[in-house]
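**Q** Handing you a structure now.
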Amino acid sequence: MEYLCPLCNGLDQPEVRCRRCGEIMENCGAIQEYYDDYSPYLDMHVTRMIDGVSGDQCLHVFFCKGCNGIRSVAVNLVEY
Ligand SMILES: [Zn+2]
Ligand SMILES: [Zn+2]
């Protein structure tokens with residue numbers, strides 16, 4: 001048995017809507033990918049939140065084209 005993130009593995013594509021403008025947000029990938037490539041902009045929003053994520057969740061960054069907002073969403077891993 002293995003725990004996989006459905007988003008990282010292309011198994012699921014949840015519909016995340018922007019809290020500000022209601023647009024469907026775009027999945028920009030797992031947050032770990034952003035740590036390799038240091039981005040001060042994302043860092044501000046996100047580093048505070050990453051501590052609250054438990055080990056069985058994958059944190060994803062979603063981007064809103066409507067208002068250029070970003071949001072991090074904790075995705076529960078699923079058993080395979
Ligand atoms: Zn993931
Ligand atoms: Zn928006």
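Residues in the structure tokens are numbered from 1 in each chain, the chains being A, B, ... in the order shown, and ligands are numbered from 1 in the order shown.
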Excluding stretch 68-70 of chain A and any residue of its chain fewer than 4 positions from it, enumerate the residues within 10 Å of it, using only C-alpha atoms, and give them as an MDAnalysis selection string.

**A** chainID A and resid 18:21 25:28 42 45:46 61:64

**Q** Go ahead and dump the residues you just picked, N, CA, C and O atoms, as a PDB file, in the first residue's frame.

**A**
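Done, and the output landed in selection_4.pdb:
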ATOM      1  N   CYS A  18     -11.618  30.530  -6.816  1.00  0.00           N
ATOM      2  CA  CYS A  18     -11.006  31.663  -6.141  1.00  0.00           C
ATOM      3  C   CYS A  18     -11.984  32.251  -5.133  1.00  0.00           C
ATOM      4  O   CYS A  18     -13.145  32.447  -5.445  1.00  0.00           O
ATOM      5  N   ARG A  19     -11.472  32.530  -3.971  1.00  0.00           N
ATOM      6  CA  ARG A  19     -12.328  33.116  -2.934  1.00  0.00           C
ATOM      7  C   ARG A  19     -12.683  34.556  -3.242  1.00  0.00           C
ATOM      8  O   ARG A  19     -13.664  35.087  -2.764  1.00  0.00           O
ATOM      9  N   ARG A  20     -11.833  35.198  -4.000  1.00  0.00           N
ATOM     10  CA  ARG A  20     -12.054  36.612  -4.271  1.00  0.00           C
ATOM     11  C   ARG A  20     -12.984  36.848  -5.451  1.00  0.00           C
ATOM     12  O   ARG A  20     -13.887  37.668  -5.390  1.00  0.00           O
ATOM     13  N   CYS A  21     -12.725  36.154  -6.581  1.00  0.00           N
ATOM     14  CA  CYS A  21     -13.491  36.475  -7.790  1.00  0.00           C
ATOM     15  C   CYS A  21     -14.287  35.288  -8.328  1.00  0.00           C
ATOM     16  O   CYS A  21     -15.030  35.443  -9.288  1.00  0.00           O
ATOM     17  N   MET A  25      -9.507  28.100 -10.393  1.00  0.00           N
ATOM     18  CA  MET A  25      -8.072  28.316 -10.277  1.00  0.00           C
ATOM     19  C   MET A  25      -7.296  27.188 -10.946  1.00  0.00           C
ATOM     20  O   MET A  25      -7.776  26.064 -11.056  1.00  0.00           O
ATOM     21  N   GLU A  26      -6.099  27.519 -11.359  1.00  0.00           N
ATOM     22  CA  GLU A  26      -5.264  26.584 -12.081  1.00  0.00           C
ATOM     23  C   GLU A  26      -4.262  25.937 -11.132  1.00  0.00           C
ATOM     24  O   GLU A  26      -3.614  26.634 -10.343  1.00  0.00           O
ATOM     25  N   ASN A  27      -4.131  24.635 -11.221  1.00  0.00           N
ATOM     26  CA  ASN A  27      -3.164  23.928 -10.392  1.00  0.00           C
ATOM     27  C   ASN A  27      -1.751  24.189 -10.896  1.00  0.00           C
ATOM     28  O   ASN A  27      -1.415  23.871 -12.025  1.00  0.00           O
ATOM     29  N   CYS A  28      -0.929  24.774 -10.060  1.00  0.00           N
ATOM     30  CA  CYS A  28       0.451  25.083 -10.462  1.00  0.00           C
ATOM     31  C   CYS A  28       1.433  24.054  -9.936  1.00  0.00           C
ATOM     32  O   CYS A  28       2.635  24.230 -10.051  1.00  0.00           O
ATOM     33  N   LEU A  42       6.055  33.970  -3.696  1.00  0.00           N
ATOM     34  CA  LEU A  42       5.321  32.838  -3.146  1.00  0.00           C
ATOM     35  C   LEU A  42       5.688  32.608  -1.691  1.00  0.00           C
ATOM     36  O   LEU A  42       4.866  32.242  -0.876  1.00  0.00           O
ATOM     37  N   HIS A  45       3.601  34.195   1.115  1.00  0.00           N
ATOM     38  CA  HIS A  45       2.278  33.663   1.365  1.00  0.00           C
ATOM     39  C   HIS A  45       2.324  32.274   1.988  1.00  0.00           C
ATOM     40  O   HIS A  45       1.418  31.893   2.693  1.00  0.00           O
ATOM     41  N   VAL A  46       3.333  31.563   1.667  1.00  0.00           N
ATOM     42  CA  VAL A  46       3.264  30.129   1.812  1.00  0.00           C
ATOM     43  C   VAL A  46       4.067  29.540   2.958  1.00  0.00           C
ATOM     44  O   VAL A  46       3.626  28.616   3.611  1.00  0.00           O
ATOM     45  N   VAL A  61      -0.157  24.592  -5.014  1.00  0.00           N
ATOM     46  CA  VAL A  61      -0.357  26.009  -5.269  1.00  0.00           C
ATOM     47  C   VAL A  61      -1.354  26.152  -6.415  1.00  0.00           C
ATOM     48  O   VAL A  61      -1.199  25.526  -7.461  1.00  0.00           O
ATOM     49  N   PHE A  62      -2.379  26.955  -6.194  1.00  0.00           N
ATOM     50  CA  PHE A  62      -3.345  27.238  -7.247  1.00  0.00           C
ATOM     51  C   PHE A  62      -3.262  28.715  -7.588  1.00  0.00           C
ATOM     52  O   PHE A  62      -3.100  29.567  -6.718  1.00  0.00           O
ATOM     53  N   PHE A  63      -3.385  28.968  -8.885  1.00  0.00           N
ATOM     54  CA  PHE A  63      -3.259  30.336  -9.383  1.00  0.00           C
ATOM     55  C   PHE A  63      -4.565  30.766 -10.031  1.00  0.00           C
ATOM     56  O   PHE A  63      -5.177  30.007 -10.789  1.00  0.00           O
ATOM     57  N   CYS A  64      -4.994  31.989  -9.759  1.00  0.00           N
ATOM     58  CA  CYS A  64      -6.213  32.516 -10.353  1.00  0.00           C
ATOM     59  C   CYS A  64      -5.873  33.499 -11.453  1.00  0.00           C
ATOM     60  O   CYS A  64      -5.185  34.500 -11.222  1.00  0.00           O
TER      61      CYS A  64
END

**Q** So that I can see what lies close to A:Pro14, please list as a list in words the residues with an atom at most 12 Å from it, counting only C-alpha atoms and leaving out residues fewer than 5 positions away in the same chain.

**A**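 In the requested form, the answer reads Cys5, Pro6, Leu7, Cys8, Ile24, Met25, Glu26, Asn27, His60, Phe62, Val73, Ala74, Val75 and Asn76 of chain A.
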
**Q** Give me the residues near A:Tyr3 as number ranges by chain, where near means some atom within 6 Å (using only C-alpha atoms) and where sequence neighbours in that chain fewer than 2 positions away do not count.

**A** A: 77-79

**Q** How about saving the chosen residues, C-alpha atoms kept, as a PDB file, in the first residue's frame?

**A**
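Contents of the output file result.pdb:
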ATOM      1  CA  LEU A  77      -3.200  11.584  -0.141  1.00  0.00           C
ATOM      2  CA  VAL A  78      -5.047   8.470  -1.256  1.00  0.00           C
ATOM      3  CA  GLU A  79      -4.148   4.789  -0.798  1.00  0.00           C
TER       4      GLU A  79
END
